[in-house]
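*Asks:* Dropping in model_22.pdb, with PDB, C-alpha atoms.
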ATOM      1  CA  MET A1266     -36.107  30.556  10.085
ATOM      2  CA  SER A1267     -32.829  28.972  11.024
ATOM      3  CA  ASP A1268     -34.544  25.597  11.184
ATOM      4  CA  LEU A1269     -35.586  26.043   7.620
ATOM      5  CA  TYR A1270     -32.122  26.728   6.313
ATOM      6  CA  PHE A1271     -29.909  24.700   8.537
ATOM      7  CA  GLY A1272     -32.135  21.687   8.539
ATOM      8  CA  THR A1273     -32.669  19.665  11.626
ATOM      9  CA  ASP A1274     -29.926  17.203  10.922
ATOM     10  CA  LEU A1275     -26.882  19.283  10.121
ATOM     11  CA  PHE A1276     -25.327  19.150  13.568
ATOM     12  CA  SER A1277     -25.911  15.471  14.015
ATOM     13  CA  GLU A1278     -24.495  14.910  10.539
ATOM     14  CA  PHE A1279     -21.325  16.748  11.537
ATOM     15  CA  ASP A1280     -21.265  14.789  14.731
ATOM     16  CA  ARG A1281     -21.615  11.540  12.824
ATOM     17  CA  LEU A1282     -18.866  12.489  10.398
ATOM     18  CA  GLN A1283     -16.586  13.513  13.202
ATOM     19  CA  ARG A1284     -17.218  10.282  15.057
ATOM     20  CA  GLN A1285     -16.558   8.269  11.924
ATOM     21  CA  MET A1286     -13.295  10.091  11.334
ATOM     22  CA  ALA A1287     -12.296   9.620  14.942
ATOM     23  CA  GLY A1288     -13.200   5.982  14.668
ATOM     24  CA  LEU A1289     -11.031   5.594  11.619
ATOM     25  CA  PHE A1290      -7.978   7.471  12.767
ATOM     26  CA  GLY A1291      -8.243   7.382  16.525
ATOM     27  CA  GLY A1292      -8.793   3.679  16.876
ATOM     28  CA  PHE A1293      -6.061   1.796  15.106
ATOM     29  CA  PRO A1294      -3.239   3.108  12.962
ATOM     30  CA  SER A1295      -4.059   2.433   9.340
ATOM     31  CA  SER A1296      -1.658   0.915   6.861
ATOM     32  CA  ILE A1297       0.415   3.064   4.554
ATOM     33  CA  ARG A1298      -1.071   1.013   1.731
ATOM     34  CA  SER A1299      -4.674   1.442   2.802
ATOM     35  CA  GLY A1300      -5.261   4.319   0.395
ATOM     36  CA  ARG A1301      -7.645   7.212   0.633
ATOM     37  CA  LEU A1302     -10.538   7.412   3.012
ATOM     38  CA  GLY A1303     -13.672   5.787   1.705
ATOM     39  CA  ALA A1304     -11.921   3.655  -0.884
ATOM     40  CA  PHE A1305     -13.972   0.890  -2.479
ATOM     41  CA  PRO A1306     -14.476  -1.676  -1.150
ATOM     42  CA  GLU A1307     -14.469  -0.832   2.543
ATOM     43  CA  VAL A1308     -12.552  -3.390   4.550
ATOM     44  CA  ASN A1309     -12.720  -4.668   8.115
ATOM     45  CA  ILE A1310      -9.872  -6.742   9.485
ATOM     46  CA  GLY A1311      -9.841  -8.910  12.567
ATOM     47  CA  SER A1312      -8.066 -11.941  13.868
ATOM     48  CA  THR A1313      -8.742 -15.037  15.874
ATOM     49  CA  ASP A1314      -6.269 -17.422  17.456
ATOM     50  CA  ASN A1315      -6.169 -19.469  14.245
ATOM     51  CA  SER A1316      -6.725 -17.012  11.435
ATOM     52  CA  VAL A1317      -6.768 -13.488  10.072
ATOM     53  CA  GLU A1318     -10.262 -12.537   8.943
ATOM     54  CA  ILE A1319     -10.892  -9.891   6.298
ATOM     55  CA  VAL A1320     -14.302  -8.689   5.181
ATOM     56  CA  ALA A1321     -14.602  -6.478   2.103
ATOM     57  CA  PHE A1322     -17.945  -4.705   1.683
ATOM     58  CA  ALA A1323     -18.252  -5.009  -2.076
ATOM     59  CA  PRO A1324     -21.906  -5.198  -3.120
ATOM     60  CA  GLY A1325     -23.107  -5.869  -6.638
ATOM     61  CA  LEU A1326     -20.140  -7.764  -8.014
ATOM     62  CA  ASP A1327     -19.927 -10.856 -10.116
ATOM     63  CA  PRO A1328     -17.816 -13.283  -8.031
ATOM     64  CA  ALA A1329     -16.075 -14.388 -11.225
ATOM     65  CA  SER A1330     -14.790 -10.855 -11.790
ATOM     66  CA  LEU A1331     -13.307 -10.642  -8.296
ATOM     67  CA  ASP A1332      -9.608 -11.305  -8.071
ATOM     68  CA  VAL A1333      -8.026 -12.188  -4.736
ATOM     69  CA  SER A1334      -4.319 -12.877  -4.598
ATOM     70  CA  ILE A1335      -1.508 -13.079  -2.061
ATOM     71  CA  ASP A1336       2.032 -12.146  -2.918
ATOM     72  CA  LYS A1337       4.859 -11.576  -0.440
ATOM     73  CA  GLY A1338       2.538 -11.026   2.480
ATOM     74  CA  LEU A1339       0.270  -8.643   0.610
ATOM     75  CA  LEU A1340      -3.333  -9.576   0.032
ATOM     76  CA  THR A1341      -4.793  -7.877  -3.025
ATOM     77  CA  ILE A1342      -8.493  -7.615  -3.790
ATOM     78  CA  SER A1343      -9.224  -6.266  -7.239
ATOM     79  CA  GLY A1344     -11.992  -6.241  -9.789
ATOM     80  CA  GLU A1345     -14.367  -3.998 -11.585
ATOM     81  CA  ARG A1346     -17.860  -2.811 -10.896
ATOM     82  CA  LYS A1347     -20.031  -1.753 -13.795
ATOM     83  CA  PRO A1348     -22.446   1.170 -13.501
ATOM     84  CA  ALA A1349     -25.969  -0.011 -12.680
ATOM     85  CA  TYR A1350     -27.996   2.070 -15.084
ATOM     86  CA  PRO A1351     -28.227   1.226 -18.779
ATOM     87  CA  GLU A1352     -25.724   2.939 -21.027
ATOM     88  CA  ASN A1353     -27.939   3.313 -24.077
ATOM     89  CA  THR A1354     -30.819   5.407 -22.965
ATOM     90  CA  ASP A1355     -33.543   7.342 -24.643
ATOM     91  CA  ASP A1356     -33.566  11.126 -24.707
ATOM     92  CA  ASN A1357     -35.836  11.440 -21.710
ATOM     93  CA  ALA A1358     -33.499   9.527 -19.432
ATOM     94  CA  ARG A1359     -31.838  11.480 -16.641
ATOM     95  CA  VAL A1360     -29.325  10.547 -13.992
ATOM     96  CA  TYR A1361     -30.012  12.290 -10.671
ATOM     97  CA  ALA A1362     -27.499  10.628  -8.416
ATOM     98  CA  GLN A1363     -24.397   8.624  -9.073
ATOM     99  CA  GLU A1364     -22.839   8.036  -5.687
ATOM    100  CA  ARG A1365     -22.132   4.347  -5.993
ATOM    101  CA  PHE A1366     -18.641   3.396  -6.988
ATOM    102  CA  ALA A1367     -18.162   2.306 -10.592
ATOM    103  CA  GLY A1368     -14.986   1.246 -12.316
ATOM    104  CA  ALA A1369     -11.886  -0.746 -11.524
ATOM    105  CA  PHE A1370     -10.758  -1.076  -7.930
ATOM    106  CA  ARG A1371      -7.835  -2.505  -6.027
ATOM    107  CA  ARG A1372      -7.218  -2.762  -2.330
ATOM    108  CA  VAL A1373      -4.052  -4.071  -0.766
ATOM    109  CA  ILE A1374      -3.899  -5.405   2.777
ATOM    110  CA  GLU A1375      -0.675  -6.123   4.620
ATOM    111  CA  LEU A1376      -0.906  -9.517   6.241
ATOM    112  CA  PRO A1377       0.938 -10.212   9.469
ATOM    113  CA  GLU A1378       4.170 -12.142   9.116
ATOM    114  CA  HIS A1379       2.733 -15.339  10.559
ATOM    115  CA  ALA A1380      -0.104 -15.530   8.008
ATOM    116  CA  ASP A1381      -0.017 -18.703   5.942
ATOM    117  CA  PRO A1382      -0.667 -18.025   2.225
ATOM    118  CA  ASP A1383      -1.428 -21.722   1.695
ATOM    119  CA  GLN A1384      -4.488 -21.605   3.923
ATOM    120  CA  VAL A1385      -6.799 -19.063   2.346
ATOM    121  CA  THR A1386     -10.520 -19.267   1.777
ATOM    122  CA  ALA A1387     -12.662 -16.591   0.168
ATOM    123  CA  ARG A1388     -16.432 -16.498   0.024
ATOM    124  CA  TYR A1389     -18.773 -13.916  -1.511
ATOM    125  CA  THR A1390     -22.208 -13.649   0.110
ATOM    126  CA  ASN A1391     -24.758 -10.813   0.124
ATOM    127  CA  GLY A1392     -22.237  -8.440  -1.343
ATOM    128  CA  CYS A1393     -19.567  -9.140   1.273
ATOM    129  CA  LEU A1394     -16.320 -10.855   0.450
ATOM    130  CA  ALA A1395     -15.059 -12.772   3.490
ATOM    131  CA  ILE A1396     -11.446 -13.913   3.334
ATOM    132  CA  SER A1397      -9.905 -16.110   5.967
ATOM    133  CA  VAL A1398      -6.125 -16.540   6.074
ATOM    134  CA  GLY A1399      -4.755 -19.191   8.385
ATOM    135  CA  LYS A1400      -1.892 -18.586  10.804
ATOM    136  CA  ARG A1401       1.206 -20.715  10.965
ATOM    137  CA  GLU A1402       1.330 -23.270  13.725
ATOM    138  CA  THR A1403       4.166 -21.529  15.562
ATOM    139  CA  SER A1404       2.268 -18.301  16.077
ATOM    140  CA  LYS A1405      -0.783 -19.864  17.698
ATOM    141  CA  PRO A1406      -1.140 -19.324  21.417
ATOM    142  CA  LYS A1407       0.096 -22.249  23.426
ATOM    143  CA  ALA A1408      -0.203 -23.102  27.081
ATOM    144  CA  ILE A1409       3.110 -24.096  28.602
ATOM    145  CA  THR A1410       3.099 -26.643  31.337
ATOM    146  CA  VAL A1411       5.120 -25.643  34.357
ATOM    147  CA  GLN A1412       7.163 -28.516  35.676
TER     148      GLN A1412
ATOM    149  CA  MET B1421     -19.456  26.300  25.881
ATOM    150  CA  SER B1422     -22.979  27.458  26.589
ATOM    151  CA  ASP B1423     -23.388  28.043  22.871
ATOM    152  CA  THR B1424     -22.580  24.435  22.158
ATOM    153  CA  MET B1425     -25.023  23.295  24.774
ATOM    154  CA  GLU B1426     -27.651  25.527  23.265
ATOM    155  CA  LEU B1427     -27.049  24.096  19.831
ATOM    156  CA  ALA B1428     -27.084  20.557  21.082
ATOM    157  CA  ARG B1429     -30.332  21.055  22.900
ATOM    158  CA  LYS B1430     -31.906  22.791  19.974
ATOM    159  CA  ASP B1431     -30.826  20.023  17.655
ATOM    160  CA  GLU B1432     -32.261  17.399  19.932
ATOM    161  CA  THR B1433     -35.695  18.949  20.019
ATOM    162  CA  ALA B1434     -35.638  19.471  16.271
ATOM    163  CA  VAL B1435     -34.808  15.843  15.665
ATOM    164  CA  SER B1436     -37.429  14.551  18.046
ATOM    165  CA  ARG B1437     -39.981  16.841  16.481
ATOM    166  CA  ARG B1438     -39.344  15.466  13.052
ATOM    167  CA  ASP B1439     -38.626  11.821  13.858
ATOM    168  CA  GLY B1440     -41.284  11.522  16.507
ATOM    169  CA  ASP B1441     -41.894   7.886  15.683
ATOM    170  CA  ARG B1442     -38.291   6.898  16.280
ATOM    171  CA  PRO B1443     -37.650   6.458  19.984
ATOM    172  CA  GLN B1444     -33.894   7.000  19.920
ATOM    173  CA  ARG B1445     -31.448   8.134  17.352
ATOM    174  CA  ARG B1446     -29.091   5.391  16.328
ATOM    175  CA  MET B1447     -25.888   5.982  14.459
ATOM    176  CA  THR B1448     -26.503   4.887  10.904
ATOM    177  CA  LEU B1449     -24.634   4.797   7.649
ATOM    178  CA  THR B1450     -26.039   6.549   4.622
ATOM    179  CA  PRO B1451     -25.904   4.065   1.756
ATOM    180  CA  ALA B1452     -24.604   5.311  -1.578
ATOM    181  CA  VAL B1453     -27.313   5.437  -4.241
ATOM    182  CA  ASP B1454     -27.701   5.808  -7.971
ATOM    183  CA  VAL B1455     -30.937   7.371  -9.146
ATOM    184  CA  PHE B1456     -32.021   7.203 -12.741
ATOM    185  CA  GLU B1457     -35.207   8.270 -14.459
ATOM    186  CA  ASP B1458     -36.638   7.378 -17.828
ATOM    187  CA  SER B1459     -40.102   7.666 -19.323
ATOM    188  CA  GLN B1460     -41.345   4.666 -17.317
ATOM    189  CA  GLY B1461     -40.342   5.904 -13.891
ATOM    190  CA  VAL B1462     -37.515   6.195 -11.420
ATOM    191  CA  THR B1463     -35.009   3.461 -10.673
ATOM    192  CA  LEU B1464     -32.857   3.587  -7.555
ATOM    193  CA  TRP B1465     -29.921   1.377  -6.626
ATOM    194  CA  ALA B1466     -28.575   1.387  -3.077
ATOM    195  CA  ASP B1467     -25.445  -0.309  -1.786
ATOM    196  CA  LEU B1468     -26.351  -2.416   1.230
ATOM    197  CA  PRO B1469     -23.490  -4.890   1.686
ATOM    198  CA  GLY B1470     -24.165  -7.762   4.068
ATOM    199  CA  VAL B1471     -27.910  -7.110   4.152
ATOM    200  CA  THR B1472     -30.312 -10.000   3.697
ATOM    201  CA  LYS B1473     -33.970  -9.782   2.696
ATOM    202  CA  ASP B1474     -35.263 -10.235   6.230
ATOM    203  CA  ARG B1475     -33.072  -7.420   7.569
ATOM    204  CA  LEU B1476     -34.240  -4.909   4.983
ATOM    205  CA  ASP B1477     -37.188  -2.611   5.470
ATOM    206  CA  VAL B1478     -38.519  -0.511   2.597
ATOM    207  CA  LYS B1479     -41.482   1.677   3.482
ATOM    208  CA  VAL B1480     -43.524   4.313   1.729
ATOM    209  CA  HIS B1481     -45.274   6.660   4.099
ATOM    210  CA  ASP B1482     -46.885  10.037   3.357
ATOM    211  CA  GLY B1483     -45.142  10.240   0.012
ATOM    212  CA  ASN B1484     -41.758   9.496   1.544
ATOM    213  CA  LEU B1485     -39.653   6.456   0.852
ATOM    214  CA  PHE B1486     -37.688   5.003   3.754
ATOM    215  CA  ILE B1487     -34.920   2.445   3.386
ATOM    216  CA  GLU B1488     -33.638   0.860   6.576
ATOM    217  CA  ALA B1489     -31.362  -2.139   6.768
ATOM    218  CA  GLU B1490     -28.980  -3.990   8.993
ATOM    219  CA  ALA B1491     -25.941  -5.856   7.764
ATOM    220  CA  VAL B1492     -24.991  -9.204   9.230
ATOM    221  CA  VAL B1493     -21.516 -10.503   8.566
ATOM    222  CA  PRO B1494     -20.850 -13.963   9.926
ATOM    223  CA  THR B1495     -17.651 -13.920  11.954
ATOM    224  CA  PRO B1496     -15.881 -16.749  13.741
ATOM    225  CA  ALA B1497     -15.999 -16.875  17.512
ATOM    226  CA  GLY B1498     -13.282 -15.021  19.372
ATOM    227  CA  LEU B1499     -12.717 -12.443  16.648
ATOM    228  CA  ARG B1500     -10.751  -9.373  17.675
ATOM    229  CA  LEU B1501     -11.351  -6.424  15.370
ATOM    230  CA  GLN B1502      -8.147  -4.702  14.327
ATOM    231  CA  HIS B1503      -9.170  -2.309  11.581
ATOM    232  CA  ALA B1504     -12.714  -1.254  10.804
ATOM    233  CA  GLU B1505     -14.011   0.986   8.067
ATOM    234  CA  ILE B1506     -17.606  -0.057   8.683
ATOM    235  CA  ARG B1507     -18.442  -0.094  12.367
ATOM    236  CA  GLU B1508     -22.159   0.410  12.642
ATOM    237  CA  PRO B1509     -23.860  -2.026  10.314
ATOM    238  CA  HIS B1510     -27.082   0.015  10.223
ATOM    239  CA  PHE B1511     -28.115   1.704   7.014
ATOM    240  CA  ALA B1512     -30.850   4.305   6.709
ATOM    241  CA  ARG B1513     -31.885   6.756   4.029
ATOM    242  CA  ALA B1514     -35.094   8.508   3.065
ATOM    243  CA  PHE B1515     -36.378  10.203  -0.058
ATOM    244  CA  SER B1516     -39.508  12.169  -0.819
ATOM    245  CA  LEU B1517     -41.419  11.010  -3.856
ATOM    246  CA  GLY B1518     -43.191  13.271  -6.292
ATOM    247  CA  ALA B1519     -46.925  12.970  -6.792
ATOM    248  CA  ASP B1520     -46.392  11.707 -10.329
ATOM    249  CA  LEU B1521     -44.890   8.464  -9.028
ATOM    250  CA  ASP B1522     -47.094   5.494  -8.291
ATOM    251  CA  VAL B1523     -46.107   4.419  -4.789
ATOM    252  CA  SER B1524     -48.461   1.450  -4.868
ATOM    253  CA  LYS B1525     -46.368  -0.183  -7.583
ATOM    254  CA  VAL B1526     -42.906   0.081  -6.078
ATOM    255  CA  ASP B1527     -40.843  -2.988  -6.873
ATOM    256  CA  ALA B1528     -37.883  -3.914  -4.673
ATOM    257  CA  ASN B1529     -35.212  -6.445  -5.509
ATOM    258  CA  LEU B1530     -32.147  -7.267  -3.408
ATOM    259  CA  LYS B1531     -29.213  -9.046  -5.012
ATOM    260  CA  ASP B1532     -25.630  -9.334  -3.791
ATOM    261  CA  GLY B1533     -26.093  -6.479  -1.347
ATOM    262  CA  VAL B1534     -27.574  -4.080  -3.889
ATOM    263  CA  LEU B1535     -31.180  -2.953  -3.551
ATOM    264  CA  LYS B1536     -32.892  -2.048  -6.807
ATOM    265  CA  LEU B1537     -36.111  -0.095  -6.471
ATOM    266  CA  THR B1538     -38.283   0.692  -9.437
ATOM    267  CA  ILE B1539     -40.974   3.273  -8.908
ATOM    268  CA  PRO B1540     -43.187   3.622 -11.985
ATOM    269  CA  ARG B1541     -44.817   6.854 -13.029
ATOM    270  CA  ARG B1542     -48.551   7.031 -12.744
ATOM    271  CA  GLU B1543     -50.247   6.055 -15.955
ATOM    272  CA  GLU B1544     -51.636   9.556 -16.483
ATOM    273  CA  ALA B1545     -48.222  11.121 -15.773
ATOM    274  CA  ARG B1546     -46.393   9.204 -18.495
ATOM    275  CA  PRO B1547     -45.460  11.160 -21.574
ATOM    276  CA  ARG B1548     -47.718  10.457 -24.486
ATOM    277  CA  ARG B1549     -48.097  11.625 -27.965
ATOM    278  CA  VAL B1550     -51.225  13.488 -28.864
ATOM    279  CA  GLU B1551     -52.620  12.640 -32.253
ATOM    280  CA  VAL B1552     -53.345  15.689 -34.336
ATOM    281  CA  ARG B1553     -56.303  15.363 -36.615
ATOM    282  CA  THR B1554     -56.759  17.329 -39.739
ATOM    283  CA  GLY B1555     -59.931  18.651 -41.240
TER     284      GLY B1555
END
Just dump the structure as structure tokens.
*Replies:*
Amino acid sequence: MSDLYFGTDLFSEFDRLQRQMAGLFGGFPSSIRSGRLGAFPEVNIGSTDNSVEIVAFAPGLDPASLDVSIDKGLLTISGERKPAYPENTDDNARVYAQERFAGAFRRVIELPEHADPDQVTARYTNGCLAISVGKRETSKPKAITVQ
Amino acid sequence: MSDTMELARKDETAVSRRDGDRPQRRMTLTPAVDVFEDSQGVTLWADLPGVTKDRLDVKVHDGNLFIEAEAVVPTPAGLRLQHAEIREPHFARAFSLGADLDVSKVDANLKDGVLKLTIPRREEARPRRVEVRTG
């Protein structure tokens, strides 16, 4: 009886949600500009010794409609995603689910102070936008010889 | 405390009963979908960013449609993750299909991380106009 109503997956779904929330808030503090939870596109940020690497999970976009800009240490990713289904439909057409994001979006990422806005590359592959921002020479790790 | 244990155990058996073919339960993301139906059939779009054709598995089994995928994002060596909104790059979602859909003619197309599935209606299930004769 209870299996029928509660489904087999409810508890693991809660568990998953809870772990995702914990992962989001418990791991690293998020930026004041990062916006609401689950904003489009989702963004991962990492760094190497030479660069800051940003990946935006933005499937189904025309690369020409993607706008990436840097101003005063803020990296902005903006654009628009059109709904997938046709707008002019016959009378028998029905929409059952519309979970995918549609419309204009904008995400702002605070770059660290040592990021170099002159060394930026952006590449869109398989629905992921990978942005690499170089670091200034002075901030790179350096071994100091002891005399 | 014992209640929680009870629930956890119960859940485990329920999951293994249903997903008997899956050896262990991996944490997966549920991809967002759009589902649209017209007189020809059902069209489904699923967001699978970072997924390539060889990492995507679309199966129809016992009238159920399974979508499983893994995203691969090329990262430079020595990357230290600082902020992550997508941690587990595994996507999975399943749907049951009505008998009026022709599962043998499912068409799948992956472009820019979006999977488009078209599942046509069976020929006999399509709406048709019946000619009325007079006389």
*Asks:* Which value, in Å to one decimal, gives the distance between CA of Leu1282 (chain A) and CA of Thr1450 (chain B)?
*Replies:*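 Separation between CA of Leu1282 (chain A) and CA of Thr1450 (chain B): 11.0 Å.
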*Asks:* Counting all atoms listed in the file, which residues in chain B sit no more than 6 Å from chain A? For each one, give the nearest pair of atoms and the distance in Å, sorted by chain then residue number, as a tab-separated table.
*Replies:*
residue	atom	partner	partner_atom	distance
B:Ala1434	CA	A:Thr1273	CA	5.5
B:Val1435	CA	A:Thr1273	CA	6.0
B:Ala1452	CA	A:Arg1365	CA	5.2
B:Val1453	CA	A:Glu1364	CA	5.4
B:Asp1454	CA	A:Gln1363	CA	4.5
B:Val1455	CA	A:Ala1362	CA	4.8
B:Phe1456	CA	A:Val1360	CA	4.5
B:Glu1457	CA	A:Arg1359	CA	5.1
B:Asp1458	CA	A:Ala1358	CA	4.1
B:Pro1469	CA	A:Gly1392	CA	4.8
B:Gly1470	CA	A:Asn1391	CA	5.0
B:Gly1498	CA	A:Thr1313	CA	5.7
B:Leu1499	CA	A:Thr1313	CA	4.8
B:Arg1500	CA	A:Gly1311	CA	5.2
B:Leu1501	CA	A:Gly1311	CA	4.0
B:Gln1502	CA	A:Gly1311	CA	4.9
B:His1503	CA	A:Ile1310	CA	5.0
B:Ala1504	CA	A:Asn1309	CA	4.3
B:Glu1505	CA	A:Asn1309	CA	5.8
B:Asp1532	CA	A:Asn1391	CA	4.3
B:Gly1533	CA	A:Gly1392	CA	4.3
B:Val1534	CA	A:Gly1325	CA	5.5
*Asks:* Just the residues within 8 Å of region 1336-1346 of chain A, please, counting all atoms listed in the file, with nothing from its chain fewer than 3 positions along; format it as JSON, numbers by chain.
*Replies:* {"A": [1325, 1326, 1330, 1331, 1332, 1333, 1366, 1367, 1368, 1369, 1370, 1371, 1372, 1373, 1374, 1375, 1376, 1377, 1378, 1380, 1382]}
*Asks:* Since I can't run it myself right now, could you work out what the PyMOL selection byres ((chain B and resi 1461) around 9) selects here and report it as a PDB file with C-alpha atoms, in the frame of the given file?
*Replies:*
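Generated file (part.pdb):
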ATOM      1  CA  PHE B1456     -32.021   7.203 -12.741  1.00  0.00           C
ATOM      2  CA  GLU B1457     -35.207   8.270 -14.459  1.00  0.00           C
ATOM      3  CA  ASP B1458     -36.638   7.378 -17.828  1.00  0.00           C
ATOM      4  CA  SER B1459     -40.102   7.666 -19.323  1.00  0.00           C
ATOM      5  CA  GLN B1460     -41.345   4.666 -17.317  1.00  0.00           C
ATOM      6  CA  VAL B1462     -37.515   6.195 -11.420  1.00  0.00           C
ATOM      7  CA  THR B1463     -35.009   3.461 -10.673  1.00  0.00           C
ATOM      8  CA  LEU B1521     -44.890   8.464  -9.028  1.00  0.00           C
ATOM      9  CA  ASP B1522     -47.094   5.494  -8.291  1.00  0.00           C
ATOM     10  CA  THR B1538     -38.283   0.692  -9.437  1.00  0.00           C
ATOM     11  CA  ILE B1539     -40.974   3.273  -8.908  1.00  0.00           C
ATOM     12  CA  PRO B1540     -43.187   3.622 -11.985  1.00  0.00           C
ATOM     13  CA  ARG B1541     -44.817   6.854 -13.029  1.00  0.00           C
ATOM     14  CA  ARG B1542     -48.551   7.031 -12.744  1.00  0.00           C
ATOM     15  CA  ARG B1546     -46.393   9.204 -18.495  1.00  0.00           C
TER      16      ARG B1546
END
*Asks:* Could you work out how far CA of Pro1547 (chain B) lies from CA of Gly1483 (chain B), giving the answer in Å with one decimal?
*Replies:*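 Rounded to one decimal, the two atoms are 21.6 Å apart.
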*Asks:* How many Å lie between CA of Met1447 (chain B) and CA of Ala1491 (chain B), rounded to one decimal?
*Replies:*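 Between CA of Met1447 (chain B) and CA of Ala1491 (chain B) the gap is 13.6 Å.
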*Asks:* Pull the neighbourhood of (-28.8, -0.8, 6.8) for me: all residues within 8 Å in file coordinates, counting all atoms listed in the file, as a list of chain:residue names.
*Replies:*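 Collected hits near the coordinates: B:Thr1448, B:Leu1449, B:Pro1451, B:Leu1468, B:Val1471, B:Arg1475, B:Leu1476, B:Ile1487, B:Glu1488, B:Ala1489, B:Glu1490, B:Ala1491, B:Pro1509, B:His1510, B:Phe1511, B:Ala1512.
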*Asks:* Counting all atoms listed in the file, which of B:Ala1497, B:Leu1535, B:Val1523, B:Val1480 gets nearest to Asp1467 (chain B)?
*Replies:*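 Using all atoms listed in the file, Asp1467 (chain B) sits closest to B:Leu1535.
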*Asks:* Applied to this file, what does the PyMOL selection byres ((chain A and resi 1381) around 8) return in terms of residues, put as a list in words?
*Replies:*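 This file gives the following for the PyMOL selection byres ((chain A and resi 1381) around 8): His1379, Ala1380, Pro1382, Asp1383, Gln1384, Val1385, Val1398, Gly1399, Lys1400 and Arg1401 of chain A.
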